[in-house]
Amino acid sequence: MVRYKSNKDKQIKQAKKIIDRLFYLIDNADYKLDDELRTRYIRIARKIAMKFRLKLNKEQKLRFCPKCHHYINPLKSKHRVKKSISIKCSNCNHKRIIHLIK
Ligand SMILES: [Zn+2]
């Protein structure tokens with residue numbers, strides 16, 4: 001049995017576990033998920049992260065639109081690759097630009 005320093009540490013550890021699990025389910029769920037359910041999972045994960053002041057990693061942040069927090073479906077959204085990658089949200093048309101060359 002693992003002993004935790006305090007109840008808060010235990011809660012943070014559990015929160016991290018839940019967030020990882022939610023992002024895992026978005027990609028690898030056995031049953032078919034629609035974009036609305038994926039968006040719901042993202043909102044839950046964000047809320048948990050905000051409550052415990054955890055940071056989502058870079059990979060997780062790329063999954064959703066920074067403006068409307070809608071799930072970015074790689075099949076439906078527009079990607080343009082030049083010197084930078086621009087990803088267009090299918091929900092609100094917000095463009096996110098990722099620079100490759102600095
Ligand atoms: Zn959006």
# chains A, B, ... in the order shown; residues from 1 in each chain; ligands from 1
>>> residues_near_ligand(ligand="ligand 1", cutoff="8 Å", atoms="only C-alpha atoms and all ligand atoms", output="PyMOL selection string")
chain A and resi 64-70+72+88-94
>>> write_last_selection(atoms="N, CA and C atoms", output="PDB file, in the first residue's frame")
ATOM      1  N   PHE A  64      -7.508  20.224 -28.667  1.00  0.00           N
ATOM      2  CA  PHE A  64      -8.707  21.053 -28.660  1.00  0.00           C
ATOM      3  C   PHE A  64      -8.394  22.485 -29.052  1.00  0.00           C
ATOM      4  N   CYS A  65      -9.453  23.168 -29.477  1.00  0.00           N
ATOM      5  CA  CYS A  65      -9.332  24.562 -29.903  1.00  0.00           C
ATOM      6  C   CYS A  65      -9.118  25.446 -28.671  1.00  0.00           C
ATOM      7  N   PRO A  66      -8.141  26.365 -28.701  1.00  0.00           N
ATOM      8  CA  PRO A  66      -7.911  27.216 -27.533  1.00  0.00           C
ATOM      9  C   PRO A  66      -9.022  28.236 -27.286  1.00  0.00           C
ATOM     10  N   LYS A  67      -9.816  28.489 -28.321  1.00  0.00           N
ATOM     11  CA  LYS A  67     -10.860  29.512 -28.174  1.00  0.00           C
ATOM     12  C   LYS A  67     -12.162  28.921 -27.634  1.00  0.00           C
ATOM     13  N   CYS A  68     -12.657  27.857 -28.284  1.00  0.00           N
ATOM     14  CA  CYS A  68     -13.963  27.321 -27.888  1.00  0.00           C
ATOM     15  C   CYS A  68     -13.852  25.964 -27.199  1.00  0.00           C
ATOM     16  N   HIS A  69     -12.649  25.436 -27.052  1.00  0.00           N
ATOM     17  CA  HIS A  69     -12.385  24.155 -26.380  1.00  0.00           C
ATOM     18  C   HIS A  69     -13.103  22.983 -27.037  1.00  0.00           C
ATOM     19  N   HIS A  70     -13.377  23.122 -28.313  1.00  0.00           N
ATOM     20  CA  HIS A  70     -13.993  22.027 -29.050  1.00  0.00           C
ATOM     21  C   HIS A  70     -12.905  21.055 -29.506  1.00  0.00           C
ATOM     22  N   ILE A  72     -10.623  18.978 -31.802  1.00  0.00           N
ATOM     23  CA  ILE A  72     -10.189  19.175 -33.182  1.00  0.00           C
ATOM     24  C   ILE A  72     -10.042  17.815 -33.833  1.00  0.00           C
ATOM     25  N   LYS A  88      -7.171  24.827 -38.435  1.00  0.00           N
ATOM     26  CA  LYS A  88      -8.417  25.581 -38.359  1.00  0.00           C
ATOM     27  C   LYS A  88      -9.461  24.752 -37.615  1.00  0.00           C
ATOM     28  N   CYS A  89     -10.082  25.379 -36.640  1.00  0.00           N
ATOM     29  CA  CYS A  89     -11.124  24.702 -35.863  1.00  0.00           C
ATOM     30  C   CYS A  89     -12.379  24.559 -36.721  1.00  0.00           C
ATOM     31  N   SER A  90     -12.990  23.385 -36.684  1.00  0.00           N
ATOM     32  CA  SER A  90     -14.193  23.148 -37.497  1.00  0.00           C
ATOM     33  C   SER A  90     -15.434  23.773 -36.867  1.00  0.00           C
ATOM     34  N   ASN A  91     -15.340  24.118 -35.598  1.00  0.00           N
ATOM     35  CA  ASN A  91     -16.507  24.661 -34.891  1.00  0.00           C
ATOM     36  C   ASN A  91     -16.591  26.184 -35.010  1.00  0.00           C
ATOM     37  N   CYS A  92     -15.485  26.883 -34.687  1.00  0.00           N
ATOM     38  CA  CYS A  92     -15.534  28.348 -34.631  1.00  0.00           C
ATOM     39  C   CYS A  92     -14.607  29.021 -35.645  1.00  0.00           C
ATOM     40  N   ASN A  93     -13.939  28.230 -36.505  1.00  0.00           N
ATOM     41  CA  ASN A  93     -13.023  28.744 -37.533  1.00  0.00           C
ATOM     42  C   ASN A  93     -11.826  29.501 -36.964  1.00  0.00           C
ATOM     43  N   HIS A  94     -11.492  29.254 -35.719  1.00  0.00           N
ATOM     44  CA  HIS A  94     -10.301  29.881 -35.140  1.00  0.00           C
ATOM     45  C   HIS A  94      -9.057  29.212 -35.705  1.00  0.00           C
TER      46      HIS A  94
END
>>> atom_distance(atom1="atom CA of Asn7 of chain A", atom2="atom CA of Arg21 of chain A")
21.1 Å
>>> atom_distance(atom1="atom CA of Phe23 of chain A", atom2="atom CA of Lys55 of chain A")
13.6 Å
>>> select_by_dssp(residues="chain A", states="strand (DSSP E)", output="list in words")
Lys78, His79, Arg80, Val81, Ser84, Ile85, Ser86, Ile87, Lys88, Lys95, Arg96, Ile97, Ile98 and His99 of chain A
>>> atom_distance(atom1="atom CA of Ile98 of chain A", atom2="atom CA of His79 of chain A")
10.8 Å
>>> closest_residue(among="A:Arg40, A:Asp20, A:Ala29, A:Ser84", to="Glu59 of chain A", atoms="only C-alpha atoms")
A:Asp20
>>> select_by_dssp(residues="segment 3-79 of chain A", states="helix (DSSP H, G or I)", output="MDAnalysis selection string")
chainID A and resid 7:28 35:51 58:61
>>> write_last_selection(atoms="N, CA and C atoms", output="tab-separated table (two decimals), in the first residue's frame")
chain	number	residue	atom	x	y	z
A	7	ASN	N	-3.70	14.25	2.25
A	7	ASN	CA	-4.88	13.97	1.43
A	7	ASN	C	-4.81	14.71	0.11
A	8	LYS	N	-4.20	15.91	0.13
A	8	LYS	CA	-4.11	16.74	-1.08
A	8	LYS	C	-3.24	16.05	-2.14
A	9	ASP	N	-2.12	15.45	-1.71
A	9	ASP	CA	-1.25	14.73	-2.65
A	9	ASP	C	-2.00	13.60	-3.33
A	10	LYS	N	-2.79	12.91	-2.53
A	10	LYS	CA	-3.57	11.79	-3.06
A	10	LYS	C	-4.55	12.27	-4.11
A	11	GLN	N	-5.20	13.40	-3.81
A	11	GLN	CA	-6.18	13.95	-4.74
A	11	GLN	C	-5.53	14.38	-6.05
A	12	ILE	N	-4.34	15.02	-5.95
A	12	ILE	CA	-3.64	15.47	-7.16
A	12	ILE	C	-3.24	14.28	-8.01
A	13	LYS	N	-2.76	13.22	-7.36
A	13	LYS	CA	-2.36	12.03	-8.09
A	13	LYS	C	-3.54	11.40	-8.81
A	14	GLN	N	-4.66	11.38	-8.14
A	14	GLN	CA	-5.87	10.82	-8.76
A	14	GLN	C	-6.34	11.70	-9.91
A	15	ALA	N	-6.24	13.02	-9.73
A	15	ALA	CA	-6.66	13.94	-10.79
A	15	ALA	C	-5.84	13.74	-12.04
A	16	LYS	N	-4.50	13.58	-11.87
A	16	LYS	CA	-3.63	13.33	-13.02
A	16	LYS	C	-4.01	12.05	-13.73
A	17	LYS	N	-4.33	11.05	-12.96
A	17	LYS	CA	-4.73	9.75	-13.50
A	17	LYS	C	-5.99	9.89	-14.34
A	18	ILE	N	-6.96	10.64	-13.81
A	18	ILE	CA	-8.24	10.80	-14.50
A	18	ILE	C	-8.03	11.56	-15.81
A	19	ILE	N	-7.19	12.62	-15.77
A	19	ILE	CA	-6.95	13.42	-16.97
A	19	ILE	C	-6.30	12.56	-18.05
A	20	ASP	N	-5.28	11.77	-17.65
A	20	ASP	CA	-4.61	10.89	-18.63
A	20	ASP	C	-5.60	9.88	-19.22
A	21	ARG	N	-6.45	9.38	-18.36
A	21	ARG	CA	-7.43	8.38	-18.80
A	21	ARG	C	-8.42	8.99	-19.80
A	22	LEU	N	-8.86	10.22	-19.53
A	22	LEU	CA	-9.82	10.88	-20.42
A	22	LEU	C	-9.20	11.11	-21.80
A	23	PHE	N	-7.93	11.57	-21.82
A	23	PHE	CA	-7.29	11.82	-23.11
A	23	PHE	C	-6.98	10.51	-23.82
A	24	TYR	N	-6.74	9.45	-23.04
A	24	TYR	CA	-6.53	8.13	-23.65
A	24	TYR	C	-7.82	7.66	-24.31
A	25	LEU	N	-8.95	7.87	-23.63
A	25	LEU	CA	-10.25	7.42	-24.15
A	25	LEU	C	-10.63	8.15	-25.43
A	26	ILE	N	-10.23	9.43	-25.53
A	26	ILE	CA	-10.56	10.21	-26.72
A	26	ILE	C	-10.00	9.54	-27.97
A	27	ASP	N	-8.79	8.98	-27.87
A	27	ASP	CA	-8.17	8.35	-29.03
A	27	ASP	C	-8.47	6.86	-29.15
A	28	ASN	N	-8.48	6.17	-28.01
A	28	ASN	CA	-8.45	4.71	-28.08
A	28	ASN	C	-9.67	4.02	-27.48
A	35	ASP	N	-17.84	13.62	-31.88
A	35	ASP	CA	-17.05	14.79	-31.48
A	35	ASP	C	-17.62	15.49	-30.26
A	36	GLU	N	-18.94	15.43	-30.10
A	36	GLU	CA	-19.56	16.09	-28.94
A	36	GLU	C	-19.11	15.43	-27.64
A	37	LEU	N	-19.05	14.11	-27.65
A	37	LEU	CA	-18.64	13.39	-26.44
A	37	LEU	C	-17.16	13.62	-26.15
A	38	ARG	N	-16.36	13.68	-27.22
A	38	ARG	CA	-14.93	13.98	-27.06
A	38	ARG	C	-14.74	15.37	-26.47
A	39	THR	N	-15.55	16.33	-26.97
A	39	THR	CA	-15.49	17.70	-26.44
A	39	THR	C	-15.86	17.72	-24.96
A	40	ARG	N	-16.84	16.90	-24.61
A	40	ARG	CA	-17.27	16.81	-23.22
A	40	ARG	C	-16.13	16.27	-22.33
A	41	TYR	N	-15.44	15.27	-22.83
A	41	TYR	CA	-14.31	14.70	-22.10
A	41	TYR	C	-13.22	15.75	-21.90
A	42	ILE	N	-12.98	16.54	-22.95
A	42	ILE	CA	-11.96	17.59	-22.86
A	42	ILE	C	-12.36	18.62	-21.81
A	43	ARG	N	-13.64	18.98	-21.79
A	43	ARG	CA	-14.10	20.00	-20.82
A	43	ARG	C	-13.94	19.48	-19.39
A	44	ILE	N	-14.25	18.19	-19.19
A	44	ILE	CA	-14.10	17.60	-17.86
A	44	ILE	C	-12.61	17.61	-17.45
A	45	ALA	N	-11.75	17.19	-18.39
A	45	ALA	CA	-10.31	17.15	-18.11
A	45	ALA	C	-9.78	18.54	-17.78
A	46	ARG	N	-10.23	19.55	-18.52
A	46	ARG	CA	-9.79	20.92	-18.28
A	46	ARG	C	-10.25	21.42	-16.90
A	47	LYS	N	-11.47	21.07	-16.57
A	47	LYS	CA	-12.02	21.51	-15.28
A	47	LYS	C	-11.23	20.91	-14.12
A	48	ILE	N	-10.91	19.62	-14.24
A	48	ILE	CA	-10.13	18.95	-13.19
A	48	ILE	C	-8.75	19.59	-13.09
A	49	ALA	N	-8.13	19.85	-14.25
A	49	ALA	CA	-6.79	20.46	-14.26
A	49	ALA	C	-6.81	21.84	-13.63
A	50	MET	N	-7.88	22.60	-13.89
A	50	MET	CA	-7.97	23.95	-13.32
A	50	MET	C	-8.16	23.88	-11.81
A	51	LYS	N	-8.94	22.93	-11.37
A	51	LYS	CA	-9.22	22.82	-9.94
A	51	LYS	C	-7.95	22.53	-9.14
A	58	LYS	N	1.79	19.44	-23.89
A	58	LYS	CA	1.66	20.01	-25.23
A	58	LYS	C	0.79	19.14	-26.14
A	59	GLU	N	0.96	17.85	-26.04
A	59	GLU	CA	0.20	16.93	-26.85
A	59	GLU	C	-1.29	17.03	-26.56
A	60	GLN	N	-1.61	17.17	-25.28
A	60	GLN	CA	-3.01	17.26	-24.88
A	60	GLN	C	-3.62	18.58	-25.32
A	61	LYS	N	-2.81	19.65	-25.28
A	61	LYS	CA	-3.32	20.97	-25.66
A	61	LYS	C	-3.65	21.05	-27.15
